[in-house]
file my_file_11.cif (mmCIF, C-alpha atoms and all ligand atoms)
data_model
#
loop_
_atom_site.label_atom_id
_atom_site.label_comp_id
_atom_site.auth_asym_id
_atom_site.auth_seq_id
_atom_site.Cartn_x
_atom_site.Cartn_y
_atom_site.Cartn_z
CA ASN M 1 124.48 112.45 45.43
CA LYS M 2 121.51 110.23 46.14
CA LEU M 3 119.79 111.07 49.39
CA ALA M 4 119.12 108.42 52.00
CA LYS M 5 115.59 107.08 52.40
CA VAL M 6 113.80 107.05 55.72
CA SER M 7 110.43 105.35 56.04
CA ILE M 8 108.20 106.34 58.91
CA ILE M 9 105.44 103.96 59.91
CA GLY M 10 102.62 105.92 61.54
CA ALA M 11 101.65 109.37 60.26
CA GLY M 12 100.38 110.66 63.60
CA ASN M 13 101.83 113.60 65.47
CA VAL M 14 105.32 112.18 65.89
CA GLY M 15 105.52 110.65 62.41
CA ARG M 16 104.45 113.77 60.56
CA THR M 17 106.59 116.12 62.68
CA LEU M 18 109.61 113.89 62.16
CA SER M 19 108.91 113.93 58.39
CA GLN M 20 108.91 117.70 58.46
CA ARG M 21 112.15 117.85 60.46
CA LEU M 22 113.91 115.45 58.07
CA ILE M 23 112.89 117.07 54.82
CA GLU M 24 113.20 120.68 55.94
CA ARG M 25 116.79 119.98 56.92
CA ASN M 26 117.46 118.11 53.67
CA LEU M 27 118.49 115.02 55.61
CA ALA M 28 116.63 112.32 53.68
CA ASP M 29 113.80 111.47 51.36
CA VAL M 30 110.85 110.32 53.42
CA CYS M 31 108.15 107.71 52.91
CA LEU M 32 105.34 108.21 55.40
CA LEU M 33 102.99 105.26 55.85
CA ASP M 34 99.79 104.93 57.83
CA ILE M 35 96.89 102.54 58.00
CA VAL M 36 94.41 105.39 57.55
CA GLU M 37 93.70 105.98 53.88
CA GLY M 38 94.47 109.47 52.62
CA LEU M 39 96.14 110.62 55.81
CA PRO M 40 99.80 110.12 54.88
CA GLN M 41 99.08 111.23 51.29
CA GLY M 42 97.47 114.44 52.57
CA ILE M 43 100.36 115.21 54.91
CA ALA M 44 102.92 114.48 52.21
CA LEU M 45 101.16 116.74 49.71
CA ASP M 46 100.83 119.54 52.26
CA LEU M 47 104.55 119.29 53.13
CA THR M 48 105.47 119.20 49.44
CA GLU M 49 103.44 122.33 48.76
CA ALA M 50 105.46 124.10 51.44
CA GLN M 51 108.78 123.11 49.88
CA GLY M 52 109.22 126.08 47.54
CA LEU M 53 108.56 128.43 50.43
CA GLN M 54 110.89 126.58 52.77
CA SER M 55 113.61 126.12 50.15
CA HIS M 56 114.39 122.48 50.56
CA HIS M 57 114.40 119.67 48.08
CA CYS M 58 113.81 116.29 49.72
CA GLU M 59 111.01 114.13 48.44
CA ILE M 60 108.21 113.09 50.72
CA MET M 61 105.58 110.54 49.74
CA GLY M 62 102.56 109.34 51.67
CA THR M 63 101.28 105.81 51.30
CA ASN M 64 99.24 102.96 52.73
CA ASN M 65 101.31 100.36 50.93
CA TYR M 66 104.55 98.91 52.28
CA VAL M 67 105.93 98.38 48.78
CA ASP M 68 106.66 102.12 48.74
CA THR M 69 108.99 101.74 51.73
CA LYS M 70 111.28 99.49 49.65
CA ASP M 71 115.04 99.88 50.18
CA SER M 72 114.86 102.23 53.13
CA ASP M 73 118.07 103.01 54.97
CA ILE M 74 116.17 103.60 58.18
CA VAL M 75 112.66 102.54 59.23
CA VAL M 76 111.11 104.46 62.10
CA ILE M 77 108.13 102.89 63.85
CA THR M 78 105.74 105.34 65.49
CA ALA M 79 102.52 103.44 64.73
CA GLY M 80 100.37 102.61 67.68
CA VAL M 81 97.46 103.77 69.76
CA ALA M 82 97.52 105.97 72.82
CA ARG M 83 96.08 104.77 76.10
CA LYS M 84 92.42 105.75 76.33
CA PRO M 85 90.24 106.02 79.44
CA GLY M 86 89.27 102.53 80.64
CA MET M 87 92.18 100.88 78.88
CA SER M 88 94.66 99.07 81.12
CA ARG M 89 98.41 99.13 80.55
CA ASP M 90 98.18 95.51 79.46
CA ASP M 91 95.42 96.30 76.95
CA LEU M 92 97.68 98.96 75.46
CA LEU M 93 100.61 96.57 75.45
CA LYS M 94 98.58 93.98 73.59
CA ILE M 95 97.33 96.38 70.91
CA ASN M 96 100.68 98.09 70.30
CA ALA M 97 102.59 94.79 70.35
CA LYS M 98 100.41 93.59 67.49
CA ILE M 99 100.68 96.85 65.52
CA VAL M 100 104.45 97.11 65.96
CA THR M 101 105.28 93.48 65.14
CA GLU M 102 103.08 93.57 62.03
CA ALA M 103 104.67 96.84 60.92
CA THR M 104 108.09 95.26 61.45
CA GLN M 105 107.30 92.15 59.40
CA LYS M 106 105.95 94.18 56.51
CA SER M 107 108.79 96.71 56.56
CA LEU M 108 111.41 93.97 56.80
CA TYR M 109 110.15 92.33 53.66
CA TYR M 110 111.03 95.45 51.66
CA SER M 111 113.94 96.77 53.73
CA PRO M 112 115.81 93.85 55.28
CA ASN M 113 119.02 95.84 55.62
CA ALA M 114 117.60 98.96 57.21
CA ILE M 115 118.27 100.18 60.73
CA TYR M 116 115.09 100.13 62.79
CA LEU M 117 114.36 102.99 65.18
CA ILE M 118 111.42 102.45 67.51
CA VAL M 119 109.34 105.24 69.01
CA THR M 120 106.05 103.54 69.94
CA ASN M 121 105.42 103.12 73.67
CA PRO M 122 106.03 101.28 75.90
CA LEU M 123 109.32 101.98 74.19
CA ASP M 124 111.75 99.47 75.67
CA VAL M 125 109.26 96.63 75.29
CA MET M 126 108.35 97.50 71.70
CA THR M 127 112.02 97.72 70.74
CA TYR M 128 112.61 94.23 72.14
CA LEU M 129 109.62 92.86 70.23
CA VAL M 130 110.90 94.30 66.96
CA TRP M 131 114.23 92.57 67.46
CA LYS M 132 112.74 89.32 68.78
CA THR M 133 110.20 88.91 65.98
CA SER M 134 112.70 89.74 63.22
CA ASP M 135 116.01 88.33 62.06
CA LEU M 136 117.61 91.70 62.57
CA PRO M 137 121.02 91.82 64.23
CA TYR M 138 120.61 93.46 67.66
CA ASP M 139 122.83 96.41 66.74
CA ARG M 140 120.47 97.43 63.93
CA VAL M 141 117.53 97.92 66.29
CA MET M 142 117.27 100.73 68.80
CA GLY M 143 114.66 102.68 70.70
CA MET M 144 114.35 106.44 71.03
CA ALA M 145 113.81 107.64 74.60
CA GLY M 146 117.07 108.52 76.33
CA VAL M 147 117.73 111.42 73.96
CA LEU M 148 114.27 112.80 74.77
CA ASP M 149 114.53 112.27 78.52
CA SER M 150 118.01 113.85 78.50
CA ALA M 151 116.74 116.80 76.43
CA ARG M 152 113.99 117.37 78.96
CA LEU M 153 116.41 117.32 81.86
CA GLU M 154 118.77 119.65 80.00
CA THR M 155 115.93 122.11 79.47
CA PHE M 156 115.04 122.15 83.16
CA ILE M 157 118.71 122.57 84.15
CA ALA M 158 119.06 125.49 81.72
CA PHE M 159 115.87 127.08 83.14
CA GLU M 160 117.09 126.68 86.70
CA LEU M 161 120.55 128.13 86.11
CA GLY M 162 119.53 130.73 83.54
CA VAL M 163 122.20 129.45 81.14
CA SER M 164 122.12 128.59 77.45
CA ILE M 165 120.72 125.16 76.67
CA HIS M 166 123.72 124.72 74.36
CA ASP M 167 126.08 124.47 77.33
CA VAL M 168 124.04 121.82 79.15
CA GLN M 169 124.56 118.06 78.85
CA GLY M 170 122.12 115.69 80.54
CA MET M 171 122.51 111.99 81.16
CA VAL M 172 119.45 109.79 81.64
CA LEU M 173 119.68 106.00 81.52
CA GLY M 174 117.23 103.16 82.14
CA GLY M 175 113.73 102.46 80.91
CA HIS M 176 111.50 105.17 79.48
CA GLY M 177 109.13 105.51 82.40
CA ASP M 178 108.87 106.18 86.12
CA LEU M 179 112.08 104.24 86.72
CA MET M 180 114.29 106.20 84.35
CA LEU M 181 117.68 106.99 85.85
CA PRO M 182 118.99 110.54 85.54
CA ILE M 183 122.60 110.73 86.78
CA PRO M 184 123.33 114.22 88.14
CA ARG M 185 127.09 113.86 88.46
CA TYR M 186 127.26 113.10 84.73
CA CYS M 187 125.05 116.10 83.89
CA THR M 188 127.21 119.11 83.18
CA VAL M 189 127.14 122.77 82.26
CA SER M 190 130.22 123.60 80.17
CA GLY M 191 131.97 120.67 81.79
CA ILE M 192 130.93 121.51 85.39
CA PRO M 193 128.84 118.76 87.02
CA ILE M 194 125.49 120.16 88.18
CA THR M 195 126.22 118.68 91.61
CA GLU M 196 128.69 121.60 91.92
CA LEU M 197 126.11 124.16 90.89
CA LEU M 198 122.78 123.14 92.40
CA SER M 199 121.60 121.87 95.78
CA PRO M 200 120.55 118.21 96.12
CA GLU M 201 116.94 119.36 96.72
CA THR M 202 116.89 121.39 93.51
CA ILE M 203 118.44 118.51 91.57
CA ASP M 204 115.78 116.15 92.96
CA LYS M 205 113.09 118.56 91.81
CA LEU M 206 114.52 118.71 88.27
CA ILE M 207 114.83 114.93 88.16
CA GLN M 208 111.23 114.48 89.27
CA ARG M 209 110.04 116.91 86.61
CA THR M 210 112.02 114.92 84.03
CA ARG M 211 110.45 111.64 85.18
CA ASP M 212 107.02 113.29 84.85
CA GLY M 213 108.03 115.01 81.59
CA GLY M 214 105.68 113.05 79.35
CA ALA M 215 102.77 113.30 81.80
CA GLU M 216 103.24 117.07 82.20
CA ILE M 217 102.74 117.56 78.46
CA VAL M 218 99.74 115.19 78.38
CA ARG M 219 98.14 117.18 81.20
CA LEU M 220 98.60 120.44 79.31
CA LEU M 221 97.59 119.17 75.88
CA LYS M 222 94.60 117.21 77.25
CA THR M 223 94.38 115.23 74.01
CA GLY M 224 97.48 113.45 72.79
CA SER M 225 101.04 113.38 74.00
CA ALA M 226 104.30 115.18 73.26
CA TYR M 227 105.56 115.17 69.71
CA PHE M 228 107.86 118.10 68.93
CA ALA M 229 110.69 117.03 71.23
CA PRO M 230 110.16 113.31 70.48
CA ALA M 231 110.42 114.06 66.74
CA SER M 232 113.56 116.15 67.32
CA SER M 233 115.08 113.31 69.36
CA ALA M 234 114.42 110.77 66.62
CA CYS M 235 115.82 113.21 64.04
CA TYR M 236 119.00 113.62 66.11
CA MET M 237 119.54 109.85 66.19
CA ILE M 238 118.79 109.50 62.48
CA GLU M 239 121.35 112.19 61.66
CA SER M 240 124.00 110.32 63.61
CA ILE M 241 123.21 107.15 61.66
CA LEU M 242 122.94 108.69 58.19
CA PHE M 243 126.11 110.76 58.51
CA ASN M 244 128.03 108.24 60.60
CA GLN M 245 128.55 110.87 63.28
CA SER M 246 129.29 108.37 66.06
CA ARG M 247 127.40 110.49 68.56
CA LEU M 248 127.43 109.26 72.11
CA LEU M 249 123.82 109.26 73.20
CA THR M 250 121.39 107.23 75.27
CA ALA M 251 119.46 104.73 73.18
CA ALA M 252 117.39 101.72 74.13
CA ALA M 253 119.95 99.09 73.10
CA TYR M 254 120.29 95.33 73.51
CA VAL M 255 122.31 94.53 76.61
CA GLN M 256 124.41 91.40 76.95
CA GLY M 257 125.92 91.58 80.38
CA GLU M 258 126.52 95.34 80.46
CA TYR M 259 125.42 96.75 83.82
CA GLY M 260 124.70 93.17 84.88
CA LEU M 261 121.69 93.07 82.50
CA ASN M 262 120.86 90.52 79.86
CA ASP M 263 118.45 89.92 77.02
CA LEU M 264 116.53 93.16 76.97
CA PHE M 265 116.59 96.65 75.49
CA LEU M 266 117.12 99.48 77.93
CA GLY M 267 118.47 103.02 77.83
CA VAL M 268 122.28 102.88 77.99
CA PRO M 269 125.02 105.18 76.66
CA CYS M 270 125.75 104.17 73.08
CA ARG M 271 127.90 105.22 70.18
CA VAL M 272 125.53 105.45 67.24
CA GLY M 273 126.72 105.53 63.63
CA SER M 274 126.06 104.09 60.21
CA ASN M 275 126.09 100.53 61.57
CA GLY M 276 123.53 101.32 64.25
CA VAL M 277 124.51 100.81 67.87
CA GLU M 278 128.27 100.43 67.45
CA GLN M 279 129.24 100.35 71.10
CA ILE M 280 127.63 100.36 74.53
CA LEU M 281 129.61 102.22 77.16
CA GLU M 282 129.60 100.90 80.66
CA ILE M 283 130.02 103.75 83.10
CA LYS M 284 130.47 103.41 86.84
CA LEU M 285 127.23 103.49 88.81
CA THR M 286 126.66 103.71 92.54
CA THR M 287 124.96 100.82 94.31
CA GLU M 288 121.76 102.85 94.50
CA GLU M 289 121.86 103.67 90.79
CA ARG M 290 122.49 100.03 89.91
CA GLU M 291 119.46 99.08 91.98
CA ILE M 292 117.22 101.55 90.15
CA LEU M 293 118.52 100.24 86.83
CA GLN M 294 117.82 96.67 87.94
CA ARG M 295 114.29 97.61 89.02
CA SER M 296 113.74 99.39 85.71
CA ALA M 297 115.03 96.31 83.88
CA ARG M 298 112.76 93.96 85.87
CA SER M 299 109.73 96.06 85.06
CA VAL M 300 110.62 96.08 81.33
CA ARG M 301 111.25 92.30 81.47
CA ASP M 302 107.83 91.68 83.07
CA SER M 303 106.12 93.66 80.32
CA ILE M 304 108.14 91.84 77.66
CA ASP M 305 106.93 88.50 79.04
CA ILE M 306 103.33 89.70 79.02
CA ALA M 307 103.69 91.08 75.48
CA LEU M 308 105.28 87.85 74.22
CA SER M 309 102.37 85.85 75.65
CA PHE M 310 100.02 87.90 73.45
CA LEU M 311 101.89 87.19 70.22
N1 LIG M 401 99.86 100.58 60.75
C1 LIG M 401 100.24 101.84 60.45
N2 LIG M 401 99.88 102.91 61.18
C2 LIG M 401 99.10 102.69 62.25
C3 LIG M 401 98.67 101.39 62.62
C4 LIG M 401 99.09 100.31 61.80
N3 LIG M 401 98.73 99.05 62.08
N4 LIG M 401 97.92 101.50 63.73
C5 LIG M 401 97.89 102.80 64.06
N5 LIG M 401 98.59 103.53 63.17
C6 LIG M 401 98.79 104.97 63.11
C7 LIG M 401 97.55 105.76 63.45
O1 LIG M 401 96.62 105.78 62.36
C8 LIG M 401 98.13 107.13 63.78
O2 LIG M 401 98.15 107.96 62.64
O3 LIG M 401 99.74 105.41 64.07
C9 LIG M 401 99.56 106.81 64.24
C10 LIG M 401 99.82 107.16 65.71
O4 LIG M 401 99.74 108.53 65.81
P1 LIG M 401 99.27 109.33 67.12
O5 LIG M 401 98.11 108.67 67.72
O6 LIG M 401 99.19 110.77 66.73
O7 LIG M 401 100.48 109.12 68.14
P2 LIG M 401 101.84 109.96 68.24
O8 LIG M 401 101.63 111.13 69.11
O9 LIG M 401 102.39 110.17 66.88
O10 LIG M 401 102.74 108.93 69.04
C11 LIG M 401 103.17 107.73 68.44
O11 LIG M 401 105.02 107.48 69.89
O12 LIG M 401 105.65 108.74 71.69
C12 LIG M 401 105.04 107.57 71.28
O13 LIG M 401 103.46 107.04 73.02
C13 LIG M 401 103.59 107.50 71.71
O14 LIG M 401 103.26 105.22 71.08
C14 LIG M 401 103.04 106.55 70.69
C15 LIG M 401 103.85 106.85 69.45
#
call {"tool": "encode", "arguments": {"input": "my_file_11.cif", "output": "structure tokens"}}
result
Amino acid sequence: NKLAKVSIIGAGNVGRTLSQRLIERNLADVCLLDIVEGLPQGIALDLTEAQGLQSHHCEIMGTNNYVDTKDSDIVVITAGVARKPGMSRDDLLKINAKIVTEATQKSLYYSPNAIYLIVTNPLDVMTYLVWKTSDLPYDRVMGMAGVLDSARLETFIAFELGVSIHDVQGMVLGGHGDLMLPIPRYCTVSGIPITELLSPETIDKLIQRTRDGGAEIVRLLKTGSAYFAPASSACYMIESILFNQSRLLTAAAYVQGEYGLNDLFLGVPCRVGSNGVEQILEIKLTTEEREILQRSARSVRDSIDIALSFL
């Protein structure tokens, strides 16, 4: 049985950790590409040298040349720069828009039929740009954020209740940012909504910590941002695609009227399988939740317009 091929553009913290997750679980052969010479080759060699000890058999190659990504089943884009002191949000948008659209063009040339999974921030905007600047059908492009935001919320719920993380289900919709939309009545512990188990004040506290989840890690790490949980989240989505698991998860997907939103990518509940985003589920939201989602969508739309003006 031939293994699937996943190419990862960007061999930084997320890209290399995702490579490790994929090969150590024998999920796919990996091609890791970066603009920095030697970096992806070094990481690939190091991971290969660990293989005998870890007892797995997937191939990993490091490269600076897109020809090596040829015929990928999935292309993951993590390339980009982090925001540095003195850099505005728009500066970051401009730089990452250029990096991500170039990476898309080059990957597309060799893997026109792949599914594209976007990780680079600002996530919802970058996912839109990948779709907009390619001929890819919208259901073959998705962004990774909702799985991560939900995983963070699940962790905090498990901490608070002292229960196993395996019994907790979180539900976070919307953009990946301050306006993300955790929905407590759809967050459950063994089927029990957390609204039955925790006070509104405690739930608010957990939601706030989830919204600040990325910033909390940045504060602790001081240099760089989270990568273990982001890599696990991407791996989870990739598994659902490669093995056609039809998992119901939150992905940044292209909306066409769902939730009253149009022409953008935003975190919504999706069924994800071998064809990409196979279905978007429209669940009932309260007026207040709809408003937050609309605000989140407007903020993503504004950034999309700015990013498009740079291209
Ligand atoms: N082509 C290929 N790789 C590139 C390019 C490019 N044009 N430009 C930058 N890169 C590479 C960098 O050389 C670096 O190795 O992208 C990598 C980014 O890695 P990190 O800075 O370590 O960032 P990481 O923590 O992996 O996060 C990647 O995911 O979660 C988001 O906000 C995060 O946008 C960021 C992305």
call {"tool": "closest_residue", "arguments": {"input": "my_file_11.cif", "among": "M:Trp131, M:Phe156, M:Tyr254, M:Tyr227", "to": "ligand LIG 401 (chain M)", "atoms": "all atoms listed in the file"}}
result
M:Tyr227
call {"tool": "closest_atom_pairs", "arguments": {"input": "my_file_11.cif", "of": "chain M", "to": "ligand LIG 401 (chain M)", "cutoff": "8 Å", "atoms": "all atoms listed in the file", "output": "JSON lines"}}
result
{"residue": "M:Ile9", "atom": "CA", "partner": "M:LIG401", "partner_atom": "C1", "distance": 5.6}
{"residue": "M:Gly10", "atom": "CA", "partner": "M:LIG401", "partner_atom": "O3", "distance": 3.9}
{"residue": "M:Ala11", "atom": "CA", "partner": "M:LIG401", "partner_atom": "O2", "distance": 4.5}
{"residue": "M:Gly12", "atom": "CA", "partner": "M:LIG401", "partner_atom": "O4", "distance": 3.1}
{"residue": "M:Asn13", "atom": "CA", "partner": "M:LIG401", "partner_atom": "O9", "distance": 3.8}
{"residue": "M:Val14", "atom": "CA", "partner": "M:LIG401", "partner_atom": "O9", "distance": 3.7}
{"residue": "M:Gly15", "atom": "CA", "partner": "M:LIG401", "partner_atom": "O9", "distance": 5.5}
{"residue": "M:Arg16", "atom": "CA", "partner": "M:LIG401", "partner_atom": "O9", "distance": 7.6}
{"residue": "M:Leu33", "atom": "CA", "partner": "M:LIG401", "partner_atom": "C1", "distance": 6.4}
{"residue": "M:Asp34", "atom": "CA", "partner": "M:LIG401", "partner_atom": "N2", "distance": 3.9}
{"residue": "M:Ile35", "atom": "CA", "partner": "M:LIG401", "partner_atom": "C1", "distance": 4.2}
{"residue": "M:Val36", "atom": "CA", "partner": "M:LIG401", "partner_atom": "O1", "distance": 5.3}
{"residue": "M:Leu39", "atom": "CA", "partner": "M:LIG401", "partner_atom": "O2", "distance": 7.6}
{"residue": "M:Asn64", "atom": "CA", "partner": "M:LIG401", "partner_atom": "C1", "distance": 7.9}
{"residue": "M:Thr78", "atom": "CA", "partner": "M:LIG401", "partner_atom": "C11", "distance": 4.6}
{"residue": "M:Ala79", "atom": "CA", "partner": "M:LIG401", "partner_atom": "O3", "distance": 3.5}
{"residue": "M:Gly80", "atom": "CA", "partner": "M:LIG401", "partner_atom": "C5", "distance": 4.4}
{"residue": "M:Val81", "atom": "CA", "partner": "M:LIG401", "partner_atom": "O5", "distance": 5.3}
{"residue": "M:Ala82", "atom": "CA", "partner": "M:LIG401", "partner_atom": "O5", "distance": 5.8}
{"residue": "M:Asn96", "atom": "CA", "partner": "M:LIG401", "partner_atom": "O14", "distance": 7.6}
{"residue": "M:Lys98", "atom": "CA", "partner": "M:LIG401", "partner_atom": "N3", "distance": 7.9}
{"residue": "M:Ile99", "atom": "CA", "partner": "M:LIG401", "partner_atom": "N3", "distance": 4.5}
{"residue": "M:Val100", "atom": "CA", "partner": "M:LIG401", "partner_atom": "N3", "distance": 7.2}
{"residue": "M:Glu102", "atom": "CA", "partner": "M:LIG401", "partner_atom": "N3", "distance": 7.0}
{"residue": "M:Ala103", "atom": "CA", "partner": "M:LIG401", "partner_atom": "N1", "distance": 6.1}
{"residue": "M:Val119", "atom": "CA", "partner": "M:LIG401", "partner_atom": "O11", "distance": 4.9}
{"residue": "M:Thr120", "atom": "CA", "partner": "M:LIG401", "partner_atom": "O14", "distance": 3.5}
{"residue": "M:Asn121", "atom": "CA", "partner": "M:LIG401", "partner_atom": "O14", "distance": 4.0}
{"residue": "M:Pro122", "atom": "CA", "partner": "M:LIG401", "partner_atom": "O14", "distance": 6.8}
{"residue": "M:Leu123", "atom": "CA", "partner": "M:LIG401", "partner_atom": "O14", "distance": 7.5}
{"residue": "M:Gly224", "atom": "CA", "partner": "M:LIG401", "partner_atom": "O8", "distance": 6.0}
{"residue": "M:Ser225", "atom": "CA", "partner": "M:LIG401", "partner_atom": "O8", "distance": 5.4}
{"residue": "M:Ala226", "atom": "CA", "partner": "M:LIG401", "partner_atom": "O8", "distance": 6.4}
{"residue": "M:Tyr227", "atom": "CA", "partner": "M:LIG401", "partner_atom": "O8", "distance": 5.7}
{"residue": "M:Pro230", "atom": "CA", "partner": "M:LIG401", "partner_atom": "O12", "distance": 6.5}
call {"tool": "residues_around", "arguments": {"input": "my_file_11.cif", "residues": "region 266-278 of chain M", "least_positions_apart": "5", "cutoff": "7 Å", "atoms": "all atoms listed in the file", "output": "mmCIF file with C-alpha atoms, in the coordinates of the input"}}
result
data_model
loop_
_atom_site.group_PDB
_atom_site.id
_atom_site.type_symbol
_atom_site.label_atom_id
_atom_site.label_comp_id
_atom_site.auth_asym_id
_atom_site.auth_seq_id
_atom_site.Cartn_x
_atom_site.Cartn_y
_atom_site.Cartn_z
ATOM 1 C CA ILE M 115 118.270 100.180 60.730
ATOM 2 C CA ASP M 124 111.750 99.470 75.670
ATOM 3 C CA ASP M 139 122.830 96.410 66.740
ATOM 4 C CA ARG M 140 120.470 97.430 63.930
ATOM 5 C CA GLY M 146 117.070 108.520 76.330
ATOM 6 C CA LEU M 173 119.680 106.000 81.520
ATOM 7 C CA GLY M 174 117.230 103.160 82.140
ATOM 8 C CA GLY M 175 113.730 102.460 80.910
ATOM 9 C CA SER M 240 124.000 110.320 63.610
ATOM 10 C CA ILE M 241 123.210 107.150 61.660
ATOM 11 C CA LEU M 242 122.940 108.690 58.190
ATOM 12 C CA PHE M 243 126.110 110.760 58.510
ATOM 13 C CA ASN M 244 128.030 108.240 60.600
ATOM 14 C CA GLN M 245 128.550 110.870 63.280
ATOM 15 C CA SER M 246 129.290 108.370 66.060
ATOM 16 C CA ARG M 247 127.400 110.490 68.560
ATOM 17 C CA LEU M 248 127.430 109.260 72.110
ATOM 18 C CA LEU M 249 123.820 109.260 73.200
ATOM 19 C CA THR M 250 121.390 107.230 75.270
ATOM 20 C CA ALA M 251 119.460 104.730 73.180
ATOM 21 C CA ALA M 252 117.390 101.720 74.130
ATOM 22 C CA ALA M 253 119.950 99.090 73.100
ATOM 23 C CA TYR M 254 120.290 95.330 73.510
#
call {"tool": "closest_residue", "arguments": {"input": "my_file_11.cif", "among": "M:Leu32, M:Ile192, M:Ile306, M:Met61", "to": "Val125 (chain M)", "atoms": "all atoms listed in the file"}}
result
M:Ile306
call {"tool": "closest_residue", "arguments": {"input": "my_file_11.cif", "among": "M:Ser232, M:Thr286, M:Asn113, M:Thr104", "to": "Asp149 (chain M)", "atoms": "all atoms listed in the file"}}
result
M:Ser232
call {"tool": "residues_around", "arguments": {"input": "my_file_11.cif", "residues": "Tyr109 (chain M)", "least_positions_apart": "5", "cutoff": "12 Å", "atoms": "only C-alpha atoms", "output": "list in words"}}
result
Tyr66, Val67, Asp68, Thr69, Lys70, Asp71, Ser72, Val75, Glu102, Ala103, Thr104, Ala114, Ser134, Asp135 and Leu136 of chain M
call {"tool": "residues_around", "arguments": {"input": "my_file_11.cif", "residues": "Glu289 (chain M)", "least_positions_apart": "3", "cutoff": "10 Å", "atoms": "all atoms listed in the file", "output": "list in words"}}
result
Leu173, Gly174, Leu181, Pro182, Ile183, Lys284, Leu285, Thr286, Ile292, Leu293, Gln294 and Arg295 of chain M
call {"tool": "residues_around", "arguments": {"input": "my_file_11.cif", "residues": "Ile60 (chain M)", "least_positions_apart": "3", "cutoff": "10 Å", "atoms": "all atoms listed in the file", "output": "ChimeraX atom specification"}}
result
/M:5-7,19-20,22-23,28-32,40-41,43-48,57
call {"tool": "atom_distance", "arguments": {"input": "my_file_11.cif", "atom1": "CA of Gly143 (chain M)", "atom2": "CA of Gly177 (chain M)"}}
result
13.2 Å
call {"tool": "closest_residue", "arguments": {"input": "my_file_11.cif", "among": "M:Ser303, M:Thr188, M:Ser233, M:Thr195", "to": "Ala97 (chain M)", "atoms": "all atoms listed in the file"}}
result
M:Ser303
call {"tool": "atom_distance", "arguments": {"input": "my_file_11.cif", "atom1": "CA of Val172 (chain M)", "atom2": "CA of Ile77 (chain M)"}}
result
22.2 Å
call {"tool": "atom_distance", "arguments": {"input": "my_file_11.cif", "atom1": "CA of Val76 (chain M)", "atom2": "CA of Ile118 (chain M)"}}
result
5.8 Å
call {"tool": "closest_residue", "arguments": {"input": "my_file_11.cif", "among": "M:Glu216, M:Pro112, M:Lys106, M:Thr155", "to": "Val141 (chain M)", "atoms": "only C-alpha atoms"}}
result
M:Pro112
call {"tool": "decode", "arguments": {"input": "my_file_11.cif", "residues": "region 162-197 of chain M", "atoms": "C-alpha atoms", "output": "PDB file, in the first residue's frame"}}
result
ATOM      1  CA  GLY M 162     -11.097  17.737  37.058  1.00  0.00           C
ATOM      2  CA  VAL M 163     -12.343  15.325  34.385  1.00  0.00           C
ATOM      3  CA  SER M 164     -10.570  13.462  31.598  1.00  0.00           C
ATOM      4  CA  ILE M 165      -9.944  15.531  28.489  1.00  0.00           C
ATOM      5  CA  HIS M 166     -11.276  12.552  26.519  1.00  0.00           C
ATOM      6  CA  ASP M 167     -14.803  13.208  27.767  1.00  0.00           C
ATOM      7  CA  VAL M 168     -14.810  16.894  26.833  1.00  0.00           C
ATOM      8  CA  GLN M 169     -16.068  18.332  23.535  1.00  0.00           C
ATOM      9  CA  GLY M 170     -15.600  22.031  22.804  1.00  0.00           C
ATOM     10  CA  MET M 171     -17.223  24.095  20.098  1.00  0.00           C
ATOM     11  CA  VAL M 172     -15.578  27.289  18.875  1.00  0.00           C
ATOM     12  CA  LEU M 173     -16.708  29.021  15.687  1.00  0.00           C
ATOM     13  CA  GLY M 174     -15.800  32.285  13.957  1.00  0.00           C
ATOM     14  CA  GLY M 175     -12.507  33.880  13.029  1.00  0.00           C
ATOM     15  CA  HIS M 176      -9.230  32.876  14.664  1.00  0.00           C
ATOM     16  CA  GLY M 177      -8.755  35.928  16.834  1.00  0.00           C
ATOM     17  CA  ASP M 178     -10.304  38.100  19.517  1.00  0.00           C
ATOM     18  CA  LEU M 179     -13.738  37.616  17.946  1.00  0.00           C
ATOM     19  CA  MET M 180     -13.764  33.832  17.987  1.00  0.00           C
ATOM     20  CA  LEU M 181     -17.086  32.424  19.143  1.00  0.00           C
ATOM     21  CA  PRO M 182     -17.045  29.649  21.745  1.00  0.00           C
ATOM     22  CA  ILE M 183     -20.568  28.258  22.240  1.00  0.00           C
ATOM     23  CA  PRO M 184     -20.950  26.913  25.798  1.00  0.00           C
ATOM     24  CA  ARG M 185     -24.262  25.127  25.313  1.00  0.00           C
ATOM     25  CA  TYR M 186     -22.644  23.052  22.559  1.00  0.00           C
ATOM     26  CA  CYS M 187     -19.619  22.258  24.755  1.00  0.00           C
ATOM     27  CA  THR M 188     -20.201  19.018  26.587  1.00  0.00           C
ATOM     28  CA  VAL M 189     -18.700  16.596  29.071  1.00  0.00           C
ATOM     29  CA  SER M 190     -19.878  13.065  28.255  1.00  0.00           C
ATOM     30  CA  GLY M 191     -22.921  14.582  26.609  1.00  0.00           C
ATOM     31  CA  ILE M 192     -23.741  17.041  29.433  1.00  0.00           C
ATOM     32  CA  PRO M 193     -23.621  20.694  28.325  1.00  0.00           C
ATOM     33  CA  ILE M 194     -21.151  22.650  30.459  1.00  0.00           C
ATOM     34  CA  THR M 195     -23.929  25.169  31.121  1.00  0.00           C
ATOM     35  CA  GLU M 196     -25.317  22.447  33.440  1.00  0.00           C
ATOM     36  CA  LEU M 197     -22.007  21.972  35.208  1.00  0.00           C
TER      37      LEU M 197
END
